[in-house]
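Text of final_3.cif, listed as mmCIF, C-alpha atoms and all ligand atoms:
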data_data
#
loop_
_atom_site.label_atom_id
_atom_site.label_comp_id
_atom_site.auth_asym_id
_atom_site.auth_seq_id
_atom_site.Cartn_x
_atom_site.Cartn_y
_atom_site.Cartn_z
CA MET A 1 -33.18 19.89 20.44
CA THR A 2 -34.74 21.48 23.50
CA THR A 3 -32.91 24.22 25.40
CA ALA A 4 -32.27 21.75 28.22
CA GLN A 5 -30.54 19.44 25.75
CA GLU A 6 -28.56 22.26 24.18
CA ASN A 7 -26.89 22.98 27.49
CA ARG A 8 -25.78 19.40 27.84
CA VAL A 9 -22.52 18.01 26.57
CA ASN A 10 -22.88 15.53 23.71
CA LEU A 11 -20.76 12.58 24.81
CA LEU A 12 -20.49 11.36 21.21
CA ASP A 13 -18.01 14.21 20.74
CA PHE A 14 -15.50 12.60 23.11
CA ASP A 15 -12.78 10.07 22.40
CA ALA A 16 -11.43 8.09 25.39
CA GLN A 17 -9.04 10.84 26.47
CA ALA A 18 -11.63 13.61 26.23
CA MET A 19 -14.17 11.42 28.05
CA THR A 20 -11.68 10.72 30.86
CA ASP A 21 -10.87 14.43 31.16
CA TRP A 22 -14.53 15.36 31.27
CA PHE A 23 -15.30 12.72 33.89
CA ALA A 24 -12.29 13.89 35.93
CA ALA A 25 -13.68 17.43 35.83
CA GLN A 26 -16.92 16.03 37.30
CA GLY A 27 -14.89 14.33 40.06
CA GLU A 28 -15.32 10.86 38.50
CA LYS A 29 -12.72 8.12 38.03
CA PRO A 30 -11.31 7.10 34.61
CA PHE A 31 -12.96 3.66 34.72
CA ARG A 32 -16.35 5.37 34.76
CA ALA A 33 -15.43 7.11 31.52
CA ARG A 34 -14.51 3.75 29.98
CA GLN A 35 -17.77 2.18 31.15
CA VAL A 36 -19.83 4.92 29.56
CA LEU A 37 -17.72 4.81 26.39
CA ARG A 38 -18.51 1.10 26.07
CA TRP A 39 -22.20 1.62 26.61
CA ILE A 40 -22.35 4.30 23.98
CA HIS A 41 -20.23 2.78 21.25
CA ARG A 42 -20.27 -0.98 21.83
CA PHE A 43 -23.87 -1.30 22.87
CA GLY A 44 -25.30 1.72 21.11
CA GLU A 45 -27.01 2.97 24.24
CA THR A 46 -28.33 6.53 24.45
CA ASP A 47 -30.25 6.23 27.72
CA PHE A 48 -28.14 6.67 30.85
CA GLU A 49 -30.79 4.82 32.89
CA ALA A 50 -30.04 1.64 30.93
CA MET A 51 -26.33 1.76 31.85
CA THR A 52 -26.87 -0.69 34.67
CA ASP A 53 -23.30 -1.02 35.93
CA VAL A 54 -22.98 2.75 36.31
CA ALA A 55 -23.81 3.99 39.84
CA LYS A 56 -27.35 5.34 40.14
CA SER A 57 -26.18 8.71 41.44
CA LEU A 58 -23.83 9.12 38.46
CA ARG A 59 -26.60 8.19 36.04
CA ALA A 60 -28.76 10.94 37.49
CA LYS A 61 -25.89 13.39 37.23
CA LEU A 62 -25.28 12.45 33.59
CA GLN A 63 -28.94 12.85 32.80
CA ASN A 64 -28.69 16.52 33.76
CA SER A 65 -25.33 17.39 32.27
CA ALA A 66 -24.86 15.16 29.22
CA CYS A 67 -26.63 13.64 26.24
CA ILE A 68 -25.86 11.17 23.44
CA VAL A 69 -27.13 12.60 20.18
CA PRO A 70 -26.15 11.13 16.79
CA PRO A 71 -27.06 12.85 13.52
CA THR A 72 -30.60 12.09 12.35
CA PRO A 73 -30.99 9.85 9.28
CA ILE A 74 -33.50 11.41 6.89
CA ARG A 75 -33.23 9.02 3.98
CA ASP A 76 -32.20 5.38 3.64
CA SER A 77 -31.72 3.98 0.11
CA ILE A 78 -30.70 0.45 -0.83
CA SER A 79 -29.14 -0.23 -4.21
CA THR A 80 -29.88 -3.38 -6.21
CA ASP A 81 -26.27 -4.45 -5.51
CA GLY A 82 -26.80 -4.21 -1.74
CA THR A 83 -25.02 -0.86 -1.30
CA ARG A 84 -26.90 1.20 1.24
CA LYS A 85 -26.83 4.97 1.48
CA TRP A 86 -28.00 7.22 4.28
CA LEU A 87 -28.62 10.93 4.21
CA PHE A 88 -28.13 12.55 7.63
CA ASP A 89 -29.52 15.90 8.68
CA VAL A 90 -26.78 18.01 10.25
CA GLY A 91 -28.88 21.10 10.84
CA ASN A 92 -29.45 24.44 9.09
CA ALA A 93 -30.58 22.75 5.88
CA ASN A 94 -27.33 20.81 5.50
CA ALA A 95 -27.20 17.07 5.02
CA ILE A 96 -24.35 14.62 4.57
CA GLU A 97 -24.14 11.09 3.24
CA SER A 98 -22.64 7.76 4.29
CA VAL A 99 -22.50 4.57 2.26
CA PHE A 100 -22.26 0.95 3.37
CA ILE A 101 -20.73 -1.45 0.86
CA PRO A 102 -21.19 -5.14 1.73
CA GLU A 103 -18.75 -7.63 0.21
CA THR A 104 -18.23 -11.31 0.88
CA THR A 105 -15.23 -10.91 3.18
CA ARG A 106 -15.83 -7.44 4.59
CA GLY A 107 -18.30 -4.63 5.07
CA THR A 108 -17.02 -1.13 4.39
CA LEU A 109 -18.60 2.08 5.63
CA CYS A 110 -17.69 5.24 3.74
CA ILE A 111 -18.23 8.35 5.87
CA SER A 112 -18.17 12.12 5.45
CA SER A 113 -16.02 14.65 7.29
CA GLN A 114 -17.46 18.00 6.17
CA ALA A 115 -20.71 19.48 4.89
CA GLY A 116 -19.42 20.21 1.39
CA CYS A 117 -15.76 20.74 0.59
CA ALA A 118 -13.76 23.91 0.02
CA LEU A 119 -11.15 22.35 -2.24
CA ASP A 120 -13.11 22.48 -5.47
CA CYS A 121 -11.66 19.55 -7.43
CA SER A 122 -13.07 19.99 -10.90
CA PHE A 123 -14.55 16.48 -11.29
CA CYS A 124 -16.13 16.18 -7.83
CA SER A 125 -19.79 16.73 -7.10
CA THR A 126 -19.17 17.53 -3.42
CA GLY A 127 -16.54 20.10 -4.38
CA LYS A 128 -18.84 21.73 -6.91
CA GLN A 129 -21.41 22.40 -4.21
CA GLY A 130 -19.15 24.57 -2.11
CA PHE A 131 -18.51 24.38 1.60
CA ASN A 132 -20.64 24.94 4.66
CA ARG A 133 -18.79 23.71 7.73
CA ASN A 134 -16.70 21.05 9.41
CA LEU A 135 -18.60 18.18 10.98
CA SER A 136 -18.21 17.75 14.73
CA ALA A 137 -16.56 14.59 16.07
CA ALA A 138 -20.07 13.49 17.13
CA GLU A 139 -21.35 13.89 13.58
CA ILE A 140 -18.40 11.96 12.16
CA ILE A 141 -18.41 9.02 14.58
CA GLY A 142 -22.21 9.31 14.70
CA GLN A 143 -22.35 8.01 11.12
CA LEU A 144 -20.63 4.79 12.23
CA TRP A 145 -22.68 4.63 15.41
CA MET A 146 -25.91 5.02 13.47
CA ALA A 147 -24.94 2.66 10.62
CA ASN A 148 -24.21 -0.05 13.18
CA ARG A 149 -27.66 0.43 14.68
CA LEU A 150 -29.45 0.57 11.34
CA LEU A 151 -27.63 -2.53 10.10
CA GLY A 152 -28.65 -4.34 13.27
CA ALA A 153 -25.13 -4.91 14.60
CA ASP A 154 -24.91 -7.14 17.66
CA PRO A 155 -21.98 -6.19 19.96
CA ASP A 156 -21.21 -9.86 20.59
CA GLY A 157 -21.81 -10.99 17.04
CA GLU A 158 -19.67 -10.85 13.94
CA ARG A 159 -18.77 -7.35 12.78
CA ILE A 160 -20.99 -6.09 10.01
CA ILE A 161 -18.80 -3.04 9.48
CA SER A 162 -15.22 -4.33 9.34
CA ASN A 163 -13.65 -1.36 7.54
CA VAL A 164 -14.17 2.39 7.56
CA VAL A 165 -13.00 4.70 4.79
CA MET A 166 -13.11 8.48 5.04
CA MET A 167 -13.98 8.88 1.39
CA GLY A 168 -17.37 10.52 1.64
CA MET A 169 -18.07 14.24 1.49
CA GLY A 170 -15.31 16.61 2.50
CA GLU A 171 -11.57 16.68 2.97
CA PRO A 172 -10.83 14.85 6.24
CA LEU A 173 -7.46 16.53 6.80
CA ALA A 174 -9.08 19.96 6.59
CA ASN A 175 -11.09 19.02 9.70
CA PHE A 176 -8.14 17.56 11.52
CA ASP A 177 -8.98 17.55 15.23
CA ASN A 178 -12.52 16.26 14.88
CA VAL A 179 -11.42 13.59 12.41
CA VAL A 180 -8.66 12.41 14.75
CA SER A 181 -11.12 12.19 17.68
CA ALA A 182 -13.39 10.06 15.52
CA LEU A 183 -10.45 7.91 14.34
CA ASN A 184 -9.37 7.38 17.95
CA LEU A 185 -12.83 6.02 18.73
CA MET A 186 -12.78 3.72 15.69
CA LEU A 187 -9.52 2.21 16.97
CA ASP A 188 -10.42 2.12 20.68
CA ASP A 189 -11.11 -1.34 22.10
CA HIS A 190 -13.83 0.11 24.33
CA ALA A 191 -15.52 1.57 21.27
CA TYR A 192 -15.17 -0.03 17.80
CA GLY A 193 -11.78 -1.79 18.13
CA LEU A 194 -10.90 -1.61 14.43
CA SER A 195 -7.27 -2.14 13.46
CA ARG A 196 -5.37 0.75 11.88
CA ARG A 197 -5.17 -1.22 8.67
CA ARG A 198 -8.93 -1.28 8.38
CA VAL A 199 -9.42 2.45 8.75
CA THR A 200 -8.44 4.59 5.76
CA VAL A 201 -8.22 8.34 5.43
CA SER A 202 -8.37 9.65 1.89
CA THR A 203 -6.79 13.03 1.24
CA SER A 204 -6.36 15.28 -1.74
CA GLY A 205 -2.86 15.98 -0.42
CA ILE A 206 -2.73 18.59 2.34
CA VAL A 207 0.94 18.01 3.05
CA PRO A 208 1.38 19.48 6.57
CA ALA A 209 -1.74 17.67 7.78
CA MET A 210 -0.42 14.37 6.38
CA ASP A 211 2.59 14.81 8.68
CA ARG A 212 0.31 15.62 11.60
CA LEU A 213 -1.79 12.53 10.95
CA ARG A 214 1.34 10.38 10.84
CA ASP A 215 2.22 11.65 14.32
CA ALA A 216 -1.28 11.70 15.83
CA CYS A 217 -3.01 8.63 14.42
CA PRO A 218 -1.35 6.81 11.53
CA VAL A 219 -4.13 4.86 9.88
CA ALA A 220 -4.02 3.58 6.30
CA LEU A 221 -3.66 6.43 3.81
CA ALA A 222 -5.15 6.92 0.37
CA VAL A 223 -4.01 9.91 -1.66
CA SER A 224 -6.14 11.31 -4.46
CA LEU A 225 -3.51 11.71 -7.14
CA HIS A 226 -5.57 11.95 -10.35
CA ALA A 227 -2.78 13.46 -12.46
CA PRO A 228 0.86 12.57 -13.13
CA ASN A 229 2.24 16.11 -13.55
CA ASP A 230 1.76 19.49 -11.89
CA ALA A 231 0.29 21.23 -14.93
CA LEU A 232 -2.65 18.82 -15.09
CA ARG A 233 -3.01 18.31 -11.34
CA ASP A 234 -3.14 22.07 -10.77
CA LYS A 235 -6.32 22.04 -12.84
CA LEU A 236 -7.97 18.87 -11.53
CA VAL A 237 -6.98 19.12 -7.85
CA PRO A 238 -6.35 22.84 -7.18
CA ILE A 239 -4.72 22.22 -3.77
CA ASN A 240 -1.78 21.03 -5.90
CA GLN A 241 -0.95 24.68 -6.56
CA LYS A 242 -0.10 24.96 -2.88
CA TYR A 243 1.45 21.50 -2.36
CA PRO A 244 2.91 20.33 -5.67
CA LEU A 245 3.74 16.75 -6.54
CA VAL A 246 7.35 16.74 -5.40
CA GLU A 247 6.20 17.80 -1.90
CA LEU A 248 3.30 15.36 -1.97
CA MET A 249 5.55 12.42 -2.85
CA ALA A 250 7.98 13.38 -0.06
CA ALA A 251 5.06 13.54 2.41
CA CYS A 252 3.95 10.05 1.29
CA ARG A 253 7.42 8.69 1.98
CA ARG A 254 7.41 10.29 5.45
CA TYR A 255 3.95 8.87 6.15
CA LEU A 256 5.12 5.38 5.29
CA GLU A 257 7.60 5.48 8.18
CA ARG A 258 4.62 5.08 10.55
CA ALA A 259 1.86 3.71 8.34
CA PRO A 260 0.12 0.45 9.29
CA ARG A 261 0.50 -0.75 5.72
CA ASP A 262 3.74 -0.60 3.78
CA PHE A 263 2.22 1.18 0.81
CA ILE A 264 0.20 4.28 0.00
CA THR A 265 -2.93 3.80 -2.07
CA PHE A 266 -3.10 6.28 -4.93
CA GLU A 267 -6.61 6.97 -6.15
CA TYR A 268 -6.82 7.95 -9.78
CA VAL A 269 -10.10 8.96 -11.37
CA MET A 270 -10.27 7.94 -15.04
CA LEU A 271 -11.43 10.95 -17.07
CA ASP A 272 -11.94 10.32 -20.75
CA GLY A 273 -9.22 12.00 -22.83
CA VAL A 274 -8.00 14.07 -19.88
CA ASN A 275 -5.64 11.96 -17.73
CA ASP A 276 -6.05 8.48 -19.19
CA GLN A 277 -3.47 8.29 -21.99
CA ASP A 278 -0.49 5.89 -22.12
CA GLU A 279 1.83 8.83 -21.60
CA HIS A 280 0.07 9.65 -18.31
CA ALA A 281 0.57 6.09 -17.09
CA ARG A 282 4.27 6.26 -17.97
CA GLN A 283 4.61 9.56 -16.12
CA LEU A 284 2.94 8.00 -13.08
CA ILE A 285 5.48 5.20 -13.03
CA ALA A 286 8.32 7.74 -12.99
CA LEU A 287 6.59 9.94 -10.41
CA THR A 288 6.03 7.15 -7.90
CA ARG A 289 9.35 5.37 -8.39
CA ASP A 290 10.42 6.03 -4.79
CA VAL A 291 7.04 5.59 -3.12
CA PRO A 292 5.85 2.05 -2.36
CA CYS A 293 2.27 2.23 -3.59
CA LYS A 294 -0.78 0.60 -5.08
CA PHE A 295 -3.05 2.24 -7.59
CA ASN A 296 -6.79 2.24 -7.43
CA LEU A 297 -8.30 3.43 -10.69
CA ILE A 298 -11.77 4.93 -10.25
CA PRO A 299 -13.95 5.09 -13.35
CA PHE A 300 -15.32 8.66 -13.30
CA ASN A 301 -18.85 8.81 -11.92
CA PRO A 302 -20.77 11.42 -13.84
CA PHE A 303 -23.05 14.05 -12.35
CA PRO A 304 -25.06 16.76 -14.10
CA ASN A 305 -22.98 19.45 -15.86
CA SER A 306 -19.66 17.97 -14.78
CA GLY A 307 -18.13 18.50 -18.21
CA TYR A 308 -16.22 15.19 -17.97
CA GLY A 309 -16.79 11.72 -19.35
CA ARG A 310 -15.78 8.30 -18.05
CA SER A 311 -12.85 6.61 -19.81
CA PRO A 312 -14.06 3.59 -21.80
CA ALA A 313 -13.47 0.23 -20.11
CA PRO A 314 -10.80 -0.96 -22.62
CA ARG A 315 -8.85 2.28 -22.05
CA ILE A 316 -8.94 1.76 -18.28
CA LYS A 317 -7.80 -1.84 -18.76
CA HIS A 318 -4.92 -0.80 -20.98
CA PHE A 319 -3.89 2.00 -18.58
CA ALA A 320 -3.94 -0.46 -15.68
CA GLN A 321 -1.83 -2.93 -17.64
CA ILE A 322 0.93 -0.36 -18.19
CA LEU A 323 1.15 0.17 -14.42
CA ILE A 324 0.98 -3.56 -13.73
CA ASP A 325 3.75 -4.25 -16.25
CA ALA A 326 5.89 -1.79 -14.30
CA GLY A 327 5.32 -3.89 -11.17
CA ILE A 328 2.69 -1.66 -9.52
CA VAL A 329 -0.30 -3.46 -7.99
CA THR A 330 -3.28 -1.83 -9.69
CA THR A 331 -6.96 -2.40 -9.18
CA THR A 332 -9.96 -0.82 -10.81
CA ARG A 333 -12.74 0.15 -8.45
CA LYS A 334 -16.02 -1.52 -9.12
CA THR A 335 -18.67 1.11 -9.45
CA ARG A 336 -21.32 0.27 -6.93
CA GLY A 337 -24.47 1.91 -5.77
CA ASP A 338 -24.94 3.80 -9.06
CA ASP A 339 -28.68 3.51 -8.90
CA VAL A 340 -28.82 5.34 -5.57
CA ASP A 341 -26.05 7.83 -6.46
CA ALA A 342 -23.78 6.27 -3.87
CA ALA A 343 -20.71 5.86 -6.05
CA CYS A 344 -17.49 7.80 -5.42
CA GLY A 345 -17.82 11.51 -5.98
CA GLN A 346 -21.58 11.32 -6.35
CA LEU A 347 -22.26 11.99 -2.71
CA ALA A 348 -24.00 15.30 -2.82
CA GLY A 349 -25.98 15.53 0.38
CA GLN A 350 -27.25 19.03 0.77
CA VAL A 351 -24.92 21.93 1.31
CA VAL A 352 -25.73 25.52 1.99
CA ASP A 353 -22.62 27.06 0.48
CA LYS A 354 -20.91 29.65 2.61
CA THR A 355 -18.12 30.33 0.18
CA ARG A 356 -18.50 32.75 -2.69
CA ARG A 357 -18.09 29.95 -5.18
CA THR A 358 -21.74 29.14 -5.58
CA THR A 359 -24.65 31.27 -4.59
CA ARG A 360 -27.36 28.77 -5.29
CA ARG A 361 -28.50 26.25 -2.76
CA THR A 362 -27.76 22.82 -4.14
CA ILE A 363 -29.97 19.90 -3.37
CA SER A 364 -29.19 16.23 -3.35
CA LEU A 365 -28.61 14.58 -6.69
CA THR A 366 -31.05 11.94 -5.64
CA GLU A 367 -33.70 14.58 -5.26
CA VAL A 368 -32.86 16.08 -8.62
CA ARG A 369 -33.23 12.75 -10.34
CA SER A 370 -36.21 11.29 -8.59
N1 LIG B 401 -11.57 14.67 0.00
C1 LIG B 401 -10.96 13.40 0.01
C2 LIG B 401 -11.91 12.27 0.26
C3 LIG B 401 -13.27 12.29 -0.40
S1 LIG B 401 -13.42 11.93 -2.09
C4 LIG B 401 -10.18 13.16 -1.26
O1 LIG B 401 -10.34 13.94 -2.19
O2 LIG B 401 -9.40 12.23 -1.27
C5 LIG B 401 -13.09 10.18 -2.29
C6 LIG B 401 -12.51 9.85 -3.66
O3 LIG B 401 -13.49 9.99 -4.71
C7 LIG B 401 -11.35 10.79 -4.02
O4 LIG B 401 -10.30 10.06 -4.60
C8 LIG B 401 -12.02 11.67 -5.04
O5 LIG B 401 -11.09 12.32 -5.84
C9 LIG B 401 -12.90 10.70 -5.78
N2 LIG B 401 -13.92 11.34 -6.61
C10 LIG B 401 -14.43 12.57 -6.47
N3 LIG B 401 -15.35 12.81 -7.45
C11 LIG B 401 -15.40 11.70 -8.21
C12 LIG B 401 -16.18 11.32 -9.35
N4 LIG B 401 -17.09 12.12 -9.87
N5 LIG B 401 -15.98 10.09 -9.86
C13 LIG B 401 -15.10 9.23 -9.31
N6 LIG B 401 -14.35 9.53 -8.22
C14 LIG B 401 -14.49 10.76 -7.68
FE1 LIG B 402 -13.03 17.85 -1.74
FE2 LIG B 402 -12.09 15.36 -2.16
FE3 LIG B 402 -14.07 16.36 -3.68
FE4 LIG B 402 -11.59 17.33 -3.92
S1 LIG B 402 -12.28 15.22 -4.39
S2 LIG B 402 -13.48 18.55 -3.81
S3 LIG B 402 -10.88 17.25 -1.82
S4 LIG B 402 -14.19 15.92 -1.50
#

Spit out the file's structure as structure tokens when you get a sec.
Ligand code: SAH
Ligand code: SF4
Amino acid sequence: MTTAQENRVNLLDFDAQAMTDWFAAQGEKPFRARQVLRWIHRFGETDFEAMTDVAKSLRAKLQNSACIVPPTPIRDSISTDGTRKWLFDVGNANAIESVFIPETTRGTLCISSQAGCALDCSFCSTGKQGFNRNLSAAEIIGQLWMANRLLGADPDGERIISNVVMMGMGEPLANFDNVVSALNLMLDDHAYGLSRRRVTVSTSGIVPAMDRLRDACPVALAVSLHAPNDALRDKLVPINQKYPLVELMAACRRYLERAPRDFITFEYVMLDGVNDQDEHARQLIALTRDVPCKFNLIPFNPFPNSGYGRSPAPRIKHFAQILIDAGIVTTTRKTRGDDVDAACGQLAGQVVDKTRRTTRRTISLTEVRS
């Protein structure tokens, strides 16, 4: 970025409210903010000169004071199963990843919220790399903006990306304000116009932030449960030491009062011999008795030196059956994008760790393997 650009405001950072406020501060009417919002997000325009229904004088003004700068894609990999993964440069030797998963009835984009993650879940590749920083709203929504462009989306055509899940790198609720700005844009009819049911935030269970999300922008919620009791969850998902299961379940019930779906999705990674025994399934049934929920079992995706193994398929099937027999809708996630390291928990990007957890600079798994 040139110095001239650095002094400009990146309009990708603004949701509708922030855009209106900024335009008001420039002495411009709210409808101008909406026009520009549409150009940016519906039509993917970055050049103010091309915004033909915006007054010429305003275009010139914007040229001097604003810019539209998405994160730069630095790698684009396509899996044999059609899953597509992008690596985006977010500056200072950090990179984040997004994954597009095409299916017959929908297209899902999985996006990142942070460069790294501070929460250090023991089975997660992102967590093992440490944490660098929160992504800006522009970097979060920029992943959707850029994926639409790279997939060749036509604003008047059928949606290629019909669903967005915040299940990439980072803990979305630890970057609350920027994530909510990006969510607002996903839902805004002048931007992406997705329904709340088609936008999912996945959290490891930061209880106060779950309440804030319920009040600010209640989209569909997935909670990374991964263990049926505190002793085990304290080890696998360390944030549990701060917000134990009884508090997490109560927060799920509160969230459901406003949620767009009448259930919480519990994600449960299947770790061989660790959390995959019949007894664990029975404990889960008791734990979630008062929380309308579905379970999504995720076969563990290995990464170098993780120290865990994936539960064998028959074990996963049996575990699922125990939950199903108790009346809980349970699905097992298909592992997709393995060959480009795009499966859950394999998103490594590139994180310059700022915590004391790791001192080495970790590079992308894809780089390690290729
Ligand atoms: N930080 C958020 C969202 C990102 S992770 C969260 O933890 O919910 C998205 C999902 O992938 C979470 O359920 C996470 O626990 C899971 N996951 C992490 N590492 C994994 C791995 N190696 N194999 C399978 N799933 C994994
Ligand atoms: Fe962070 Fe989620 Fe990975 Fe845990 S599972 S370390 S919260 S990204």

For this session: Would you mind listing what lies within 12 Å of Pro292 in chain A as a count of residues only, with only C-alpha atoms counted and same-chain residues fewer than 6 positions away left out?
Result: 19

For this session: Skip range 103-114 of chain A itself and residues of its chain fewer than 2 positions away, then list as a PyMOL selection string all residues within 8 Å of it, counting all atoms listed in the file.
Result: chain A and resi 96-101+116-117+131-135+140+143-144+160-172+175+179

Exercise. Separation of CA of Ala137 in chain A and CA of Leu87 in chain A, in Å?
Worked result: 17.3 Å

Counting all atoms listed in the file, which residues in chain A sit no more than 8 Å from ligand LIG 402 (chain B)? For each one, give the nearest pair of atoms and the distance in Å, sorted by chain then residue number, as JSON lines.
{"residue": "A:Gly116", "atom": "CA", "partner": "B:LIG402", "partner_atom": "S4", "distance": 7.4}
{"residue": "A:Cys117", "atom": "CA", "partner": "B:LIG402", "partner_atom": "FE1", "distance": 4.6}
{"residue": "A:Ala118", "atom": "CA", "partner": "B:LIG402", "partner_atom": "FE1", "distance": 6.4}
{"residue": "A:Leu119", "atom": "CA", "partner": "B:LIG402", "partner_atom": "S2", "distance": 4.7}
{"residue": "A:Asp120", "atom": "CA", "partner": "B:LIG402", "partner_atom": "S2", "distance": 4.3}
{"residue": "A:Cys121", "atom": "CA", "partner": "B:LIG402", "partner_atom": "FE4", "distance": 4.2}
{"residue": "A:Ser122", "atom": "CA", "partner": "B:LIG402", "partner_atom": "S2", "distance": 7.2}
{"residue": "A:Phe123", "atom": "CA", "partner": "B:LIG402", "partner_atom": "S1", "distance": 7.4}
{"residue": "A:Cys124", "atom": "CA", "partner": "B:LIG402", "partner_atom": "FE3", "distance": 4.6}
{"residue": "A:Ser125", "atom": "CA", "partner": "B:LIG402", "partner_atom": "FE3", "distance": 6.7}
{"residue": "A:Thr126", "atom": "CA", "partner": "B:LIG402", "partner_atom": "FE3", "distance": 5.2}
{"residue": "A:Gly127", "atom": "CA", "partner": "B:LIG402", "partner_atom": "S2", "distance": 3.5}
{"residue": "A:Lys128", "atom": "CA", "partner": "B:LIG402", "partner_atom": "S2", "distance": 7.0}
{"residue": "A:Met167", "atom": "CA", "partner": "B:LIG402", "partner_atom": "S4", "distance": 7.6}
{"residue": "A:Gly168", "atom": "CA", "partner": "B:LIG402", "partner_atom": "S4", "distance": 7.0}
{"residue": "A:Met169", "atom": "CA", "partner": "B:LIG402", "partner_atom": "S4", "distance": 5.2}
{"residue": "A:Gly170", "atom": "CA", "partner": "B:LIG402", "partner_atom": "S4", "distance": 4.2}
{"residue": "A:Glu171", "atom": "CA", "partner": "B:LIG402", "partner_atom": "S3", "distance": 4.9}
{"residue": "A:Ser202", "atom": "CA", "partner": "B:LIG402", "partner_atom": "FE2", "distance": 7.9}
{"residue": "A:Thr203", "atom": "CA", "partner": "B:LIG402", "partner_atom": "S3", "distance": 6.6}
{"residue": "A:Ser204", "atom": "CA", "partner": "B:LIG402", "partner_atom": "S3", "distance": 4.9}
{"residue": "A:Ser224", "atom": "CA", "partner": "B:LIG402", "partner_atom": "S1", "distance": 7.3}
{"residue": "A:Val237", "atom": "CA", "partner": "B:LIG402", "partner_atom": "FE4", "distance": 6.3}
{"residue": "A:Gly345", "atom": "CA", "partner": "B:LIG402", "partner_atom": "FE3", "distance": 6.5}

Exercise. Using all atoms listed in the file, which residue out of A:Gly309, A:Gly91, A:Pro218, A:Gly273 lies closest to ligand LIG 401 (chain B)?
Worked result: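 Of A:Gly309, A:Gly91, A:Pro218, A:Gly273, the one nearest ligand LIG 401 (chain B), counting all atoms listed in the file, is A:Gly309.
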
For this session: Quick one: pull the distance between CA of Asp21 in chain A and CA of Ser181 in chain A, Å, one decimal.
Result: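 Taking CA of Asp21 in chain A and CA of Ser181 in chain A, their separation equals 13.7 Å.
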
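Shortest atom-to-atom contact with ligand LIG 401 (chain B) among A:Cys293, A:Val352, A:Leu271, A:Ala231: A:Leu271, counting all atoms listed in the file.
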
Problem set entry | Counting only C-alpha atoms and all ligand atoms, the option among A:His280, A:Arg333, A:Arg75, A:His318 closest to ligand LIG 401 (chain B) | A:Arg333

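Across the structure, CA of Pro228 in chain A and CA of Thr200 in chain A are spaced 22.5 Å apart.
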
Excluding Ala227 in chain A and residues on its chain fewer than 6 positions from it, collect all residues at most 12 Å away from it, counting all atoms listed in the file, and give them as an mmCIF file with C-alpha atoms, in the coordinates of the input.
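Written out: around-v5.cif:
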data_model
loop_
_atom_site.group_PDB
_atom_site.id
_atom_site.type_symbol
_atom_site.label_atom_id
_atom_site.label_comp_id
_atom_site.auth_asym_id
_atom_site.auth_seq_id
_atom_site.Cartn_x
_atom_site.Cartn_y
_atom_site.Cartn_z
ATOM 1 C CA CYS A 121 -11.660 19.550 -7.430
ATOM 2 C CA SER A 204 -6.360 15.280 -1.740
ATOM 3 C CA ARG A 233 -3.010 18.310 -11.340
ATOM 4 C CA ASP A 234 -3.140 22.070 -10.770
ATOM 5 C CA LYS A 235 -6.320 22.040 -12.840
ATOM 6 C CA LEU A 236 -7.970 18.870 -11.530
ATOM 7 C CA VAL A 237 -6.980 19.120 -7.850
ATOM 8 C CA PRO A 238 -6.350 22.840 -7.180
ATOM 9 C CA ASN A 240 -1.780 21.030 -5.900
ATOM 10 C CA PRO A 244 2.910 20.330 -5.670
ATOM 11 C CA LEU A 245 3.740 16.750 -6.540
ATOM 12 C CA PHE A 266 -3.100 6.280 -4.930
ATOM 13 C CA GLU A 267 -6.610 6.970 -6.150
ATOM 14 C CA TYR A 268 -6.820 7.950 -9.780
ATOM 15 C CA VAL A 269 -10.100 8.960 -11.370
ATOM 16 C CA MET A 270 -10.270 7.940 -15.040
ATOM 17 C CA LEU A 271 -11.430 10.950 -17.070
ATOM 18 C CA VAL A 274 -8.000 14.070 -19.880
ATOM 19 C CA ASN A 275 -5.640 11.960 -17.730
ATOM 20 C CA ASP A 276 -6.050 8.480 -19.190
ATOM 21 C CA GLN A 277 -3.470 8.290 -21.990
ATOM 22 C CA GLU A 279 1.830 8.830 -21.600
ATOM 23 C CA HIS A 280 0.070 9.650 -18.310
ATOM 24 C CA ALA A 281 0.570 6.090 -17.090
ATOM 25 C CA ARG A 282 4.270 6.260 -17.970
ATOM 26 C CA GLN A 283 4.610 9.560 -16.120
ATOM 27 C CA LEU A 284 2.940 8.000 -13.080
ATOM 28 C CA ILE A 285 5.480 5.200 -13.030
ATOM 29 C CA LEU A 287 6.590 9.940 -10.410
ATOM 30 C CA THR A 288 6.030 7.150 -7.900
ATOM 31 C CA LEU A 297 -8.300 3.430 -10.690
#

Exercise. So which one's closest to Asp272 in chain A, A:Asn301, A:Thr335, A:Gln17, A:Ser311? Using all atoms listed in the file, please.
Worked result: A:Ser311

Exercise. Smallest atom-to-atom distance to ligand LIG 401 (chain B): which of A:Cys217, A:Leu187, A:Leu173, A:Val351, using only C-alpha atoms and all ligand atoms?
Worked result: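 Selected residue with least distance to ligand LIG 401 (chain B): A:Leu173.
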
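Shortest atom-to-atom contact with ligand LIG 401 (chain B) among A:Ala216, A:Ile40, A:Ala115, A:Leu150: A:Ala115, counting only C-alpha atoms and all ligand atoms.
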